[in-house]
Amino acid sequence: MSVTLDRARRLFGETPAPRPRASLTTGMQGVAYDAAAIGTAETADWWPYLGSPDLELNTSRDRIVARVRDLVRNDGWASGTVTTMLDAVVGGDLRPRAKPDWTWLRLAAGPAFDSVWAAEFAQAAQALWRAYALDPLRNADAARGSTLPQLFRLAFRHKMVDGEALAVLRYLPERRARGGYATVMQLIDPDRLSNPQLAIDMAHMRGGVEIDENGAAIAYHIRRAHPGNWWNAAKSWEWQRIRRETDDGRPIVIHDFDPARTDQHRAAGGLFTPILNRFKMLAKFDQVELQASVLNAVFAAYIESPFDPADVQNAMDGFGVGEETISAYQSARAEFHRDRRLKINNATIPTLFPGEKINTVNANRPPPGYVDFQHAFLRNFAAASGLTAEQVSKDWSRTNYSSARGALLEAWRTIGRQRVTFAANFCAPFYGAWLEEAMALGQLPLPAGAPDFLEARYAYSACGWMGPGRGWVDPVKEAQAAVLRMDAGLSTLAEECAEQGRDWEEVVAQRKVEIDRLRADGLPLPQWAAAEDPAFKTAKPPRPA
């Protein structure tokens, strides 16, 4: 007798009845979660594959990306969504705000590193970066076609559409002769990243990314030409192995994507992958409705004769109205309309042959509920992208101030997160590589005994990134709120300016220039400037008339 049975008898005085075994083929019996049921109508045919992230993605990556690109090229909603995200995250100028970690440097190298030095270093670094990033000769671009902000925008577009952004940092000393730097960026189409000879993924090779035992990328295998370039067909079958970084940690390849699972080394489709099929259906639905509306507009009315298809068929079969009678009637109709061209003031007056009548086409387009259906779908996509439905549809007719403000605050969290991750993964490595070269050339202020860049890479290259501003729904209310936050100590001028895409130091400097110029020209100061003027504070208020 088993120990379990003995214990049951002692506790209950008898052997408990055995519990019937649940069936795995009848409804939800035998499972603790409804989601695992296999016998219901909703889940009976639902058997998704459980695979590794690279296996699930890499075999379908090219097809997904090709479909997304086709959708973005040819659908206004999709193209507009990409543009909206680009304008919000990168805008026209995504630039660094240098913030060297002087506290860390002070602990590592002595008291010469303080906030004053950090401000001087940041000011010099930003001035050099502006000249480098906005160089009219485009020396920062290996192809010399774009400024750095334009390269960042294009790279982020690849990330939104392809799911990933890829770049190689070149070192071209000849660029210094034209006033630039040897550190330049070459954007790479992610299609060129693949396993050599299109081999299947292996333990140390995933979609063109070579990894070590820990799963860290150590090299990238990039075709010498895009596989779709027939004029470079030979080079498209040549792969170049490029190390991720040099031995001392200087980046060579920058590969940015947002992984959805651990051990993932490629990405595909960006914003559109979860909703691609439905978005294509909406695009086709819009196209069909537009075509139907055009046909209804062209085919607005028709003339009905007394002989319907049944009569004609009976005549052909020898029943009912004779065939010669129908032919005579049709000939008479033709002759009638050929001779009737009645006009008054060049306006045609229609006349009908006996037995005819005019019918109009009922052009009920779009169908009832079409606009609501379209709006509901765009809300679905907006939820997937992190934007608001109004940003996707560009329709603010259903929105008041409170709901618009709340929706934009939610969207701004996604936009802010996108900017932070893109700047950290793509922009910051390039900024650090450029800063290393600028420091090696002695162009930045450093105190005696300053550690080398490689010894304090993070401390020197620490920075924030400033993009386009959030904007205002109600400028008056939100400006007043910003003043209240600063007066209450809940915010700073730097934070308020950054929210609107402005550099607070540039704002302060410009305000001083304007105040000095107004005083020099003898013009009255505006209220915000007069309030800080000593003469304004001591002046007695005018007596009431």
# chains A, B, ... in the order shown; residues from 1 in each chain; ligands from 1
>>> closest_atom_pairs(of="segment 166-232 of chain A", to="segment 137-145 of chain A", cutoff="9 Å", atoms="only C-alpha atoms", output="JSON lines")
{"residue": "A:Leu169", "atom": "CA", "partner": "A:Ala142", "partner_atom": "CA", "distance": 8.7}
{"residue": "A:Arg170", "atom": "CA", "partner": "A:Ala142", "partner_atom": "CA", "distance": 7.4}
{"residue": "A:Leu172", "atom": "CA", "partner": "A:Ala142", "partner_atom": "CA", "distance": 8.6}
{"residue": "A:Arg175", "atom": "CA", "partner": "A:Asn139", "partner_atom": "CA", "distance": 6.4}
{"residue": "A:Arg176", "atom": "CA", "partner": "A:Asn139", "partner_atom": "CA", "distance": 8.7}
{"residue": "A:Arg178", "atom": "CA", "partner": "A:Asn139", "partner_atom": "CA", "distance": 7.8}
{"residue": "A:Gly179", "atom": "CA", "partner": "A:Asn139", "partner_atom": "CA", "distance": 8.2}
{"residue": "A:Gly180", "atom": "CA", "partner": "A:Asn139", "partner_atom": "CA", "distance": 5.8}
{"residue": "A:Tyr181", "atom": "CA", "partner": "A:Ala140", "partner_atom": "CA", "distance": 7.2}
{"residue": "A:Ala182", "atom": "CA", "partner": "A:Ala140", "partner_atom": "CA", "distance": 8.3}
{"residue": "A:Thr183", "atom": "CA", "partner": "A:Ala140", "partner_atom": "CA", "distance": 7.0}
{"residue": "A:Val184", "atom": "CA", "partner": "A:Ala140", "partner_atom": "CA", "distance": 4.6}
{"residue": "A:Met185", "atom": "CA", "partner": "A:Asp141", "partner_atom": "CA", "distance": 5.2}
{"residue": "A:Gln186", "atom": "CA", "partner": "A:Ala142", "partner_atom": "CA", "distance": 5.1}
{"residue": "A:Leu187", "atom": "CA", "partner": "A:Ala142", "partner_atom": "CA", "distance": 8.3}
>>> select_by_dssp(residues="segment 392-530 of chain A", states="alpha helix (DSSP H)", output="ChimeraX atom specification")
/A:392-393,401-422,428-440,457-461,475-487,493-499,504-520,527-530
>>> closest_residue(among="A:Ala448, A:Asp256, A:Val392, A:Phe426", to="Gly80 of chain A", atoms="only C-alpha atoms")
A:Val392
>>> atom_distance(atom1="atom CA of Pro367 of chain A", atom2="atom CA of Ala78 of chain A")
23.1 Å
>>> closest_residue(among="A:Arg224, A:Arg243, A:Arg266, A:Arg511", to="Gly208 of chain A", atoms="only C-alpha atoms")
A:Arg266
>>> closest_residue(among="A:Gly91, A:Pro368, A:Pro53, A:Pro196", to="Ile415 of chain A", atoms="only C-alpha atoms")
A:Gly91
>>> closest_atom_pairs(of="segment 392-483 of chain A", to="segment 488-504 of chain A", cutoff="9 Å", atoms="only C-alpha atoms", output="Markdown table")
| residue | atom | partner | partner_atom | distance |
| --- | --- | --- | --- | --- |
| A:Met466 | CA | A:Gly501 | CA | 6.3 |
| A:Gly467 | CA | A:Gly501 | CA | 5.7 |
| A:Pro468 | CA | A:Gly501 | CA | 4.6 |
| A:Gly469 | CA | A:Gln500 | CA | 3.6 |
| A:Arg470 | CA | A:Gln500 | CA | 5.5 |
| A:Gly471 | CA | A:Gln500 | CA | 6.1 |
| A:Trp472 | CA | A:Gln500 | CA | 8.6 |
| A:Ala482 | CA | A:Glu496 | CA | 6.7 |
| A:Val483 | CA | A:Ala488 | CA | 8.5 |
>>> residues_around(residues="segment 200-203 of chain A", least_positions_apart="6", cutoff="10 Å", atoms="only C-alpha atoms", output="count of residues only")
11
